[in-house]
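Shown next: work23.csv, given as CSV, N, CA and C atoms.
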```csv
chain,number,residue,atom,x,y,z
A,1,MET,N,96.8,80.4,75.2
A,1,MET,CA,97.6,80.6,76.4
A,1,MET,C,98.3,79.3,76.8
A,2,GLN,N,99.6,79.4,77.1
A,2,GLN,CA,100.4,78.3,77.4
A,2,GLN,C,100.1,77.8,78.8
A,3,LYS,N,100.2,76.5,79.1
A,3,LYS,CA,100.0,76.0,80.4
A,3,LYS,C,101.3,75.9,81.2
A,4,ASP,N,101.1,76.0,82.5
A,4,ASP,CA,102.3,75.9,83.5
A,4,ASP,C,103.3,77.0,83.3
A,5,ILE,N,103.0,78.1,82.8
A,5,ILE,CA,104.0,79.2,82.8
A,5,ILE,C,103.6,80.4,83.6
A,6,HIS,N,102.3,80.4,84.0
A,6,HIS,CA,101.8,81.5,84.8
A,6,HIS,C,101.9,81.2,86.3
A,7,PRO,N,102.2,82.3,87.1
A,7,PRO,CA,102.3,82.1,88.5
A,7,PRO,C,100.9,81.8,89.1
A,8,ASN,N,100.9,81.2,90.3
A,8,ASN,CA,99.7,80.8,91.0
A,8,ASN,C,99.1,82.1,91.6
A,9,TYR,N,97.9,82.5,91.1
A,9,TYR,CA,97.2,83.7,91.6
A,9,TYR,C,96.2,83.2,92.6
A,10,ARG,N,96.3,83.5,93.8
A,10,ARG,CA,95.5,83.0,94.9
A,10,ARG,C,95.3,84.0,96.0
A,11,PRO,N,94.3,83.8,96.9
A,11,PRO,CA,94.1,84.7,98.0
A,11,PRO,C,95.3,84.6,99.0
A,12,VAL,N,95.7,85.7,99.5
A,12,VAL,CA,96.8,85.8,100.4
A,12,VAL,C,96.5,86.8,101.5
A,13,VAL,N,96.9,86.5,102.7
A,13,VAL,CA,96.7,87.5,103.8
A,13,VAL,C,98.1,88.2,104.0
A,14,PHE,N,98.0,89.6,104.0
A,14,PHE,CA,99.1,90.4,104.3
A,14,PHE,C,99.0,91.0,105.7
A,15,LEU,N,100.0,90.8,106.5
A,15,LEU,CA,100.0,91.3,107.9
A,15,LEU,C,101.0,92.4,108.1
A,16,ASP,N,100.5,93.6,108.5
A,16,ASP,CA,101.4,94.7,108.9
A,16,ASP,C,101.8,94.5,110.3
A,17,THR,N,103.1,94.2,110.5
A,17,THR,CA,103.5,94.0,111.9
A,17,THR,C,103.6,95.2,112.7
A,18,ALA,N,103.8,96.4,112.1
A,18,ALA,CA,103.9,97.6,112.9
A,18,ALA,C,102.6,98.1,113.4
A,19,GLY,N,101.5,97.9,112.6
A,19,GLY,CA,100.2,98.4,112.9
A,19,GLY,C,99.3,97.3,113.4
A,20,ASN,N,99.8,96.1,113.4
A,20,ASN,CA,98.9,94.9,113.8
A,20,ASN,C,97.6,94.9,113.0
A,21,PHE,N,97.7,95.1,111.7
A,21,PHE,CA,96.6,95.2,110.8
A,21,PHE,C,96.8,94.1,109.7
A,22,SER,N,95.8,93.4,109.3
A,22,SER,CA,95.9,92.4,108.3
A,22,SER,C,94.8,92.6,107.3
A,23,PHE,N,95.0,92.2,106.0
A,23,PHE,CA,94.0,92.2,105.0
A,23,PHE,C,94.2,91.1,104.0
A,24,LEU,N,93.1,90.6,103.5
A,24,LEU,CA,93.0,89.5,102.5
A,24,LEU,C,92.9,90.1,101.1
A,25,THR,N,93.7,89.7,100.2
A,25,THR,CA,93.7,90.1,98.8
A,25,THR,C,94.2,88.9,98.0
A,26,ARG,N,94.3,89.1,96.7
A,26,ARG,CA,94.8,88.1,95.8
A,26,ARG,C,96.2,88.5,95.4
A,27,SER,N,97.1,87.5,95.2
A,27,SER,CA,98.5,87.8,94.9
A,27,SER,C,99.2,86.6,94.4
A,28,THR,N,100.3,86.8,93.7
A,28,THR,CA,101.1,85.7,93.2
A,28,THR,C,102.4,85.4,94.1
A,29,VAL,N,102.5,86.2,95.2
A,29,VAL,CA,103.7,86.1,96.1
A,29,VAL,C,103.7,84.8,96.7
A,30,LYS,N,104.9,84.2,96.9
A,30,LYS,CA,105.1,82.9,97.5
A,30,LYS,C,105.4,83.1,99.0
A,31,SER,N,104.9,82.2,99.8
A,31,SER,CA,105.1,82.3,101.3
A,31,SER,C,105.0,80.9,101.9
A,32,ASN,N,105.9,80.7,102.9
A,32,ASN,CA,105.9,79.4,103.6
A,32,ASN,C,105.0,79.4,104.8
A,33,GLU,N,104.6,80.6,105.3
A,33,GLU,CA,103.7,80.7,106.5
A,33,GLU,C,102.2,80.7,106.1
A,34,THR,N,101.4,80.3,107.0
A,34,THR,CA,99.9,80.3,106.7
A,34,THR,C,99.3,80.9,108.0
A,35,ILE,N,98.0,81.4,107.8
A,35,ILE,CA,97.3,81.9,108.9
A,35,ILE,C,95.8,81.6,108.7
A,36,LYS,N,95.1,81.4,109.8
A,36,LYS,CA,93.6,81.1,109.7
A,36,LYS,C,92.9,82.4,109.7
A,37,TRP,N,92.1,82.7,108.7
A,37,TRP,CA,91.4,83.9,108.5
A,37,TRP,C,90.1,83.9,109.2
A,38,THR,N,89.3,85.0,109.3
A,38,THR,CA,88.1,85.1,110.0
A,38,THR,C,87.0,84.2,109.4
A,39,ASP,N,87.1,83.8,108.1
A,39,ASP,CA,86.1,82.9,107.5
A,39,ASP,C,86.4,81.4,107.8
A,40,GLY,N,87.5,81.1,108.6
A,40,GLY,CA,87.8,79.8,109.0
A,40,GLY,C,88.7,79.1,108.0
A,41,LYS,N,89.0,79.6,106.9
A,41,LYS,CA,89.9,79.0,105.9
A,41,LYS,C,91.4,79.4,106.3
A,42,GLU,N,92.3,78.6,105.8
A,42,GLU,CA,93.7,78.9,106.0
A,42,GLU,C,94.3,79.5,104.7
A,43,TYR,N,95.1,80.6,104.8
A,43,TYR,CA,95.6,81.3,103.7
A,43,TYR,C,97.1,81.5,103.9
A,44,PRO,N,97.9,81.6,102.8
A,44,PRO,CA,99.3,82.0,102.9
A,44,PRO,C,99.4,83.4,103.6
A,45,LEU,N,100.5,83.5,104.4
A,45,LEU,CA,100.7,84.8,105.1
A,45,LEU,C,102.0,85.5,104.7
A,46,VAL,N,101.9,86.8,104.4
A,46,VAL,CA,103.0,87.6,104.1
A,46,VAL,C,103.1,88.7,105.1
A,47,LYS,N,104.2,88.9,105.7
A,47,LYS,CA,104.4,89.9,106.8
A,47,LYS,C,105.0,91.1,106.1
A,48,LEU,N,104.4,92.3,106.4
A,48,LEU,CA,104.9,93.6,105.9
A,48,LEU,C,105.5,94.4,107.1
A,49,ASP,N,106.4,95.3,106.8
A,49,ASP,CA,107.0,96.2,107.8
A,49,ASP,C,106.1,97.4,107.9
A,50,ILE,N,105.5,97.8,106.8
A,50,ILE,CA,104.6,99.0,106.8
A,50,ILE,C,103.5,98.9,105.8
A,51,SER,N,102.4,99.4,106.1
A,51,SER,CA,101.2,99.5,105.1
A,51,SER,C,100.5,100.8,105.4
A,52,SER,N,99.3,100.9,104.7
A,52,SER,CA,98.6,102.2,104.9
A,52,SER,C,98.1,102.3,106.4
A,53,ALA,N,98.0,101.2,107.1
A,53,ALA,CA,97.6,101.3,108.5
A,53,ALA,C,98.7,101.9,109.4
A,54,SER,N,99.9,101.9,109.0
A,54,SER,CA,101.0,102.4,109.9
A,54,SER,C,101.9,103.4,109.2
A,55,HIS,N,101.6,103.7,108.0
A,55,HIS,CA,102.5,104.7,107.3
A,55,HIS,C,102.0,106.1,107.7
A,56,PRO,N,103.0,107.0,108.1
A,56,PRO,CA,102.7,108.4,108.6
A,56,PRO,C,101.8,109.2,107.6
A,57,PHE,N,102.0,109.0,106.3
A,57,PHE,CA,101.2,109.7,105.3
A,57,PHE,C,99.7,109.5,105.5
A,58,PHE,N,99.4,108.2,105.7
A,58,PHE,CA,98.0,107.8,105.8
A,58,PHE,C,97.4,108.0,107.2
A,59,THR,N,98.2,107.9,108.2
A,59,THR,CA,97.8,107.9,109.6
A,59,THR,C,97.8,109.4,110.1
A,60,GLY,N,98.6,110.2,109.6
A,60,GLY,CA,98.8,111.6,110.1
A,60,GLY,C,99.7,111.7,111.3
A,61,LYS,N,100.2,110.6,111.7
A,61,LYS,CA,101.1,110.6,112.9
A,61,LYS,C,102.5,110.3,112.4
A,62,MET,N,103.5,111.0,113.0
A,62,MET,CA,104.9,110.9,112.7
A,62,MET,C,105.5,110.0,113.8
A,63,LYS,N,106.2,109.0,113.3
A,63,LYS,CA,106.9,108.1,114.3
A,63,LYS,C,108.4,108.5,114.3
A,64,PHE,N,108.9,108.5,115.5
A,64,PHE,CA,110.3,108.9,115.7
A,64,PHE,C,111.2,107.6,115.3
A,65,ILE,N,112.1,107.8,114.4
A,65,ILE,CA,113.0,106.7,114.0
A,65,ILE,C,114.4,107.2,114.4
A,66,ASP,N,115.1,106.3,115.1
A,66,ASP,CA,116.4,106.6,115.7
A,66,ASP,C,117.4,106.5,114.6
A,67,THR,N,117.6,107.6,113.8
A,67,THR,CA,118.6,107.5,112.8
A,67,THR,C,119.9,108.2,113.3
A,68,THR,N,119.8,108.9,114.4
A,68,THR,CA,121.0,109.5,114.9
A,68,THR,C,122.1,108.5,115.3
A,69,GLY,N,121.6,107.5,116.0
A,69,GLY,CA,122.6,106.4,116.4
A,69,GLY,C,123.2,105.8,115.2
A,70,ARG,N,122.5,105.6,114.1
A,70,ARG,CA,123.1,105.0,112.9
A,70,ARG,C,124.1,105.9,112.3
A,71,VAL,N,123.8,107.2,112.2
A,71,VAL,CA,124.8,108.2,111.7
A,71,VAL,C,126.1,108.2,112.5
A,72,GLU,N,125.9,108.3,113.8
A,72,GLU,CA,127.1,108.4,114.6
A,72,GLU,C,127.9,107.1,114.5
A,73,LYS,N,127.3,106.0,114.4
A,73,LYS,CA,128.0,104.7,114.2
A,73,LYS,C,128.8,104.7,112.9
A,74,PHE,N,128.2,105.2,111.9
A,74,PHE,CA,128.8,105.3,110.6
A,74,PHE,C,130.1,106.2,110.7
A,75,GLN,N,129.9,107.4,111.4
A,75,GLN,CA,131.0,108.3,111.5
A,75,GLN,C,132.1,107.7,112.3
A,76,ARG,N,131.8,107.0,113.4
A,76,ARG,CA,132.9,106.4,114.1
A,76,ARG,C,133.6,105.3,113.3
A,77,LYS,N,132.8,104.5,112.6
A,77,LYS,CA,133.4,103.4,111.8
A,77,LYS,C,134.4,103.9,110.8
A,78,TYR,N,134.1,105.0,110.1
A,78,TYR,CA,135.0,105.5,109.1
A,78,TYR,C,135.8,106.7,109.6
A,79,ASN,N,135.8,107.0,110.9
A,79,ASN,CA,136.5,108.1,111.4
A,79,ASN,C,136.3,109.4,110.7
A,80,TRP,N,135.0,109.7,110.5
A,80,TRP,CA,134.6,110.8,109.7
A,80,TRP,C,133.7,111.7,110.6
A,81,ASP,N,134.1,112.9,110.7
A,81,ASP,CA,133.3,113.9,111.4
A,81,ASP,C,133.2,115.2,110.6
A,82,LYS,N,132.0,115.5,110.1
A,82,LYS,CA,131.8,116.6,109.2
A,82,LYS,C,132.1,117.9,109.9
A,83,ARG,N,131.8,118.1,111.1
A,83,ARG,CA,132.0,119.3,111.8
A,83,ARG,C,133.6,119.6,111.9
A,84,LYS,N,134.3,118.5,112.2
A,84,LYS,CA,135.7,118.7,112.3
A,84,LYS,C,136.4,119.1,111.0
A,85,LYS,N,135.9,118.6,109.9
A,85,LYS,CA,136.5,119.0,108.6
A,85,LYS,C,136.1,120.4,108.3
A,86,THR,N,134.9,120.8,108.6
A,86,THR,CA,134.4,122.2,108.4
A,86,THR,C,135.3,123.2,109.2
A,87,GLU,N,135.5,122.9,110.5
A,87,GLU,CA,136.4,123.7,111.3
A,87,GLU,C,137.8,123.8,110.8
A,88,GLU,N,138.3,122.7,110.3
A,88,GLU,CA,139.7,122.8,109.8
A,88,GLU,C,139.8,123.6,108.5
A,89,LYS,N,138.8,123.6,107.7
A,89,LYS,CA,138.7,124.4,106.5
A,89,LYS,C,138.6,125.9,106.8
A,90,THR,N,137.8,126.3,107.8
A,90,THR,CA,137.6,127.7,108.2
A,90,THR,C,138.9,128.2,108.8
A,91,GLU,N,139.6,127.4,109.6
A,91,GLU,CA,140.9,127.8,110.2
A,91,GLU,C,141.9,128.0,109.2
A,92,ALA,N,142.0,127.1,108.2
A,92,ALA,CA,142.9,127.2,107.1
A,92,ALA,C,142.7,128.5,106.3
A,93,LYS,N,141.5,128.9,106.1
A,93,LYS,CA,141.2,130.1,105.3
A,93,LYS,C,141.6,131.3,106.1
A,94,LYS,N,141.4,131.3,107.4
A,94,LYS,CA,141.8,132.4,108.3
A,94,LYS,C,143.3,132.6,108.3
A,95,GLU,N,144.0,131.5,108.3
A,95,GLU,CA,145.5,131.6,108.4
A,95,GLU,C,146.1,132.0,107.0
A,96,GLY,N,145.4,131.5,105.9
A,96,GLY,CA,146.0,131.7,104.6
A,96,GLY,C,145.5,132.9,103.9
```
Translate this structure into structure tokens?
Amino acid sequence: MQKDIHPNYRPVVFLDTAGNFSFLTRSTVKSNETIKWTDGKEYPLVKLDISSASHPFFTGKMKFIDTTGRVEKFQRKYNWDKRKKTEEKTEAKKEG
């Protein structure tokens, strides 16, 4: 095995910010942040948006995500309204 080509495999704490849940495991991921764990040692910290503690599949709870606002913003940005186009097509079929 060659030296100095393998990543540093070490204990790392992953923190789920949505569920306020953290766990210690081993990983090669790099991080600039550290956290003091329950054993008193300091470990690198990686923040996650979602994990099994907050994912709807594992928790059985559905979280409401505001996608409506994003869709409407997209439609306004590109001046695109699907309902308007559908109405124009049906009116054109009736006339023609």
Neighbouring residues of Tyr43 (chain A) were defined as those with any atom within 6 Å, considering only N, CA and C atoms; residues of the same chain fewer than 6 positions away were excluded. Please report them as a list in words. Pro11, Val12, Val13, Glu33, Thr34, Ile35, Lys36 and Trp37 of chain A
Can you list, as a VMD selection string, every protein, DNA or RNA residue that comes within 7 Å of region 14-23 of chain A when you count only C-alpha atoms, leaving out same-chain residues fewer than 2 positions away? chain A and resid 12 25 45 to 51 53 to 54
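Separating CA of Tyr9 (chain A) from atom C of Asn32 (chain A) is a distance of 15.9 Å.
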To one decimal in Å, tell me the separation between atom N of Asp39 (chain A) and atom N of Leu24 (chain A). 10.2 Å
Among region 4-88 of chain A, which ones does DSSP assign to alpha helix (DSSP H) (computed from the backbone)? Answer as a count of residues only. 21
Please, what distance in Å, to one decimal, runs between atom N of Phe57 (chain A) and CA of Ser31 (chain A)?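 CA of Ser31 (chain A) lies 27.3 Å from atom N of Phe57 (chain A).
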